[in-house]
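Source file: run.pdb. Holds: PDB, C-alpha atoms and all ligand atoms.
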ATOM      1  CA  MET L   1     177.875  84.595  91.821  1.00  0.00           C
ATOM      2  CA  SER L   2     178.941  87.334  94.148  1.00  0.00           C
ATOM      3  CA  ASP L   3     181.213  87.244  97.171  1.00  0.00           C
ATOM      4  CA  ILE L   4     178.964  89.509  99.242  1.00  0.00           C
ATOM      5  CA  ASN L   5     177.470  86.659 101.312  1.00  0.00           C
ATOM      6  CA  SER L   6     174.137  88.337 101.814  1.00  0.00           C
ATOM      7  CA  GLU L   7     171.286  86.135 102.976  1.00  0.00           C
ATOM      8  CA  LEU L   8     169.497  87.442  99.891  1.00  0.00           C
ATOM      9  CA  ASP L   9     171.544  85.536  97.358  1.00  0.00           C
ATOM     10  CA  THR L  10     168.808  84.567  94.885  1.00  0.00           C
ATOM     11  CA  LEU L  11     165.923  86.357  93.184  1.00  0.00           C
ATOM     12  CA  ASP L  12     163.503  84.163  95.139  1.00  0.00           C
ATOM     13  CA  THR L  13     164.865  85.135  98.538  1.00  0.00           C
ATOM     14  CA  GLY L  14     164.533  88.770  97.470  1.00  0.00           C
ATOM     15  CA  THR L  15     160.902  88.208  96.517  1.00  0.00           C
ATOM     16  CA  MET L  16     160.173  86.532  99.857  1.00  0.00           C
ATOM     17  CA  GLU L  17     161.936  89.304 101.722  1.00  0.00           C
ATOM     18  CA  PHE L  18     159.846  91.881  99.872  1.00  0.00           C
ATOM     19  CA  MET L  19     156.647  90.153 101.026  1.00  0.00           C
ATOM     20  CA  ARG L  20     157.926  90.286 104.595  1.00  0.00           C
ATOM     21  CA  TRP L  21     158.963  93.919 104.193  1.00  0.00           C
ATOM     22  CA  LEU L  22     155.519  94.828 102.852  1.00  0.00           C
ATOM     23  CA  VAL L  23     153.800  93.285 105.870  1.00  0.00           C
ATOM     24  CA  ASN L  24     156.246  94.676 108.411  1.00  0.00           C
ATOM     25  CA  LYS L  25     156.900  98.204 107.181  1.00  0.00           C
ATOM     26  CA  ASP L  26     153.837  99.652 108.870  1.00  0.00           C
ATOM     27  CA  THR L  27     154.564  98.057 112.209  1.00  0.00           C
ATOM     28  CA  ASN L  28     158.338  98.585 112.247  1.00  0.00           C
ATOM     29  CA  SER L  29     158.749  95.246 113.933  1.00  0.00           C
ATOM     30  CA  GLY L  30     162.370  95.138 112.854  1.00  0.00           C
ATOM     31  CA  SER L  31     162.259  91.549 111.628  1.00  0.00           C
ATOM     32  CA  THR L  32     163.089  92.355 108.021  1.00  0.00           C
ATOM     33  CA  ILE L  33     166.575  91.939 106.578  1.00  0.00           C
ATOM     34  CA  ILE L  34     166.128  94.835 104.173  1.00  0.00           C
ATOM     35  CA  ILE L  35     165.489  98.484 104.934  1.00  0.00           C
ATOM     36  CA  VAL L  36     164.559 100.688 101.963  1.00  0.00           C
ATOM     37  CA  LYS L  37     166.560 103.905 102.205  1.00  0.00           C
ATOM     38  CA  ASP L  38     165.852 105.599  98.893  1.00  0.00           C
ATOM     39  CA  TYR L  39     163.976 104.938  95.660  1.00  0.00           C
ATOM     40  CA  LEU L  40     163.992 106.815  92.374  1.00  0.00           C
ATOM     41  CA  ASP L  41     161.878 105.161  89.698  1.00  0.00           C
ATOM     42  CA  ASN L  42     163.977 103.640  86.891  1.00  0.00           C
ATOM     43  CA  LYS L  43     167.155 105.187  88.338  1.00  0.00           C
ATOM     44  CA  TYR L  44     168.188 103.426  91.508  1.00  0.00           C
ATOM     45  CA  VAL L  45     167.121 101.790  94.722  1.00  0.00           C
ATOM     46  CA  ILE L  46     169.205 102.109  97.863  1.00  0.00           C
ATOM     47  CA  LEU L  47     168.679  99.360 100.402  1.00  0.00           C
ATOM     48  CA  PHE L  48     170.305  98.575 103.713  1.00  0.00           C
ATOM     49  CA  ASP L  49     170.977  94.853 104.067  1.00  0.00           C
ATOM     50  CA  LYS L  50     171.160  93.852 107.729  1.00  0.00           C
ATOM     51  CA  SER L  51     172.671  90.454 106.904  1.00  0.00           C
ATOM     52  CA  ILE L  52     175.834  92.167 105.640  1.00  0.00           C
ATOM     53  CA  SER L  53     175.409  95.503 107.503  1.00  0.00           C
ATOM     54  CA  LYS L  54     175.901  97.423 104.276  1.00  0.00           C
ATOM     55  CA  ASP L  55     174.113  99.781 101.950  1.00  0.00           C
ATOM     56  CA  VAL L  56     173.258  98.086  98.666  1.00  0.00           C
ATOM     57  CA  ILE L  57     172.690 100.011  95.457  1.00  0.00           C
ATOM     58  CA  VAL L  58     170.530  98.563  92.701  1.00  0.00           C
ATOM     59  CA  GLY L  59     170.756 100.639  89.547  1.00  0.00           C
ATOM     60  CA  TYR L  60     169.004 100.285  86.199  1.00  0.00           C
ATOM     61  CA  ARG L  61     170.585  99.419  82.879  1.00  0.00           C
ATOM     62  CA  GLU L  62     168.201  99.932  79.981  1.00  0.00           C
ATOM     63  CA  GLY L  63     165.301  99.466  82.349  1.00  0.00           C
ATOM     64  CA  MET L  64     166.655  96.291  83.906  1.00  0.00           C
ATOM     65  CA  PRO L  65     167.762  96.281  87.537  1.00  0.00           C
ATOM     66  CA  TRP L  66     171.404  95.552  88.284  1.00  0.00           C
ATOM     67  CA  CYS L  67     172.912  95.169  91.760  1.00  0.00           C
ATOM     68  CA  VAL L  68     176.012  97.351  91.895  1.00  0.00           C
ATOM     69  CA  THR L  69     177.026  95.927  95.262  1.00  0.00           C
ATOM     70  CA  CYS L  70     176.910  92.246  94.231  1.00  0.00           C
ATOM     71  CA  ASN L  71     177.758  93.030  90.589  1.00  0.00           C
ATOM     72  CA  THR L  72     174.997  90.760  89.315  1.00  0.00           C
ATOM     73  CA  ASP L  73     171.431  90.829  88.044  1.00  0.00           C
ATOM     74  CA  ASP L  74     170.185  87.755  89.925  1.00  0.00           C
ATOM     75  CA  CYS L  75     170.761  88.396  93.623  1.00  0.00           C
ATOM     76  CA  GLY L  76     168.027  88.945  96.199  1.00  0.00           C
ATOM     77  CA  HIS L  77     168.473  92.713  96.088  1.00  0.00           C
ATOM     78  CA  VAL L  78     167.485  92.664  92.420  1.00  0.00           C
ATOM     79  CA  GLY L  79     164.513  90.425  93.275  1.00  0.00           C
ATOM     80  CA  PHE L  80     163.527  92.900  95.970  1.00  0.00           C
ATOM     81  CA  ALA L  81     163.938  95.861  93.593  1.00  0.00           C
ATOM     82  CA  ILE L  82     161.759  94.174  90.936  1.00  0.00           C
ATOM     83  CA  CYS L  83     158.965  93.711  93.491  1.00  0.00           C
ATOM     84  CA  LEU L  84     159.387  97.274  94.696  1.00  0.00           C
ATOM     85  CA  LYS L  85     159.026  98.573  91.153  1.00  0.00           C
ATOM     86  CA  GLN L  86     155.904  96.463  90.554  1.00  0.00           C
ATOM     87  CA  ASN L  87     154.480  97.931  93.721  1.00  0.00           C
ATOM     88  CA  TYR L  88     155.417 101.430  92.533  1.00  0.00           C
ATOM     89  CA  ASP L  89     153.835 100.923  89.118  1.00  0.00           C
ATOM     90  CA  ARG L  90     150.585  99.885  90.785  1.00  0.00           C
ATOM     91  CA  ASP L  91     150.421 102.631  93.420  1.00  0.00           C
ATOM     92  CA  GLY L  92     152.425 105.399  91.744  1.00  0.00           C
ATOM     93  CA  GLN L  93     154.599 105.743  94.815  1.00  0.00           C
ATOM     94  CA  VAL L  94     156.707 103.788  97.222  1.00  0.00           C
ATOM     95  CA  ILE L  95     155.912 104.297 100.851  1.00  0.00           C
ATOM     96  CA  PHE L  96     158.675 103.300 103.224  1.00  0.00           C
TER      97      PHE L  96
HETATM   98 ZN    ZN L 101     172.839  92.299  95.491  1.00  0.00          ZN
END
Any chance you could put this one into structure tokens?
Amino acid sequence: MSDINSELDTLDTGTMEFMRWLVNKDTNSGSTIIIVKDYLDNKYVILFDKSISKDVIVGYREGMPWCVTCNTDDCGHVGFAICLKQNYDRDGQVIF
């Protein structure tokens, strides 16, 4: 496990946070932990994690997401990135 101490420390918390992000992004209510800063399909996702006040970079290794910040493939940022990609594949774009 990582020593980053983000609230998003499992894939499941990342998935739940994505659901919250999806609902809140249009209203900008500010209750999400994650802010999506940049997204390039199959290259990287840059997130801002409010629980650690840091930018988090999720890159892709052979098509699989990998959190550079936590140095793991099973943190919440990876869970969030997987959901984001599924959303992208369905809509052809990420709106944030
Ligand atoms: Zn992470």
| query | For ligand ZN 101 (chain L), which residue among L:Gly63, L:Gly14, L:Gly92, L:Gly30 is the nearest when counting only C-alpha atoms and all ligand atoms? | reply |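 Ranking L:Gly63, L:Gly14, L:Gly92, L:Gly30 by distance to ligand ZN 101 (chain L), first place goes to L:Gly14.
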| message | Assuming the chain letters and numbering stay as they are in my file, what does the PyMOL selection byres (((not hetatm)) within 10 of (chain L and resi 101)) actually select? List them as a PyMOL selection string. | response | chain L and resi 1-11+14+47+49+55-58+66-81
| task | Starting from the displayed file, determine the output of the PyMOL selection byres (((chain L and resi 17) around 9) and not hetatm) and express the residue list as a VMD selection string. | result | chain L and resid 8 12 to 16 18 to 22 32 to 34 76 79 to 80
| With distances taken over all atoms listed in the file, which of L:Met64, L:Asp26, L:Arg90, L:Ser31 is nearest to L:Lys43? | L:Met64
| Distance atom CA of L:Lys25-atom CA of L:Glu62, one decimal place? |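 Between these atoms lies a distance of 29.5 Å.
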| message | Selection in question (the file shown): the PyMOL selection byres (((chain L and resi 96) around 9) and not hetatm). Which residues does it include, as a ChimeraX atom specification? | response | /L:25-26,35-38,94-95
| query | Taking into account only C-alpha atoms, which residue in the set L:Arg61, L:Thr27, L:Asp41, L:Ile52 is nearest to L:Lys85? | reply | L:Asp41
| Interatomic distance between atom CA of L:Tyr60 and atom CA of L:Ile82? |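 The value is 10.6 Å.
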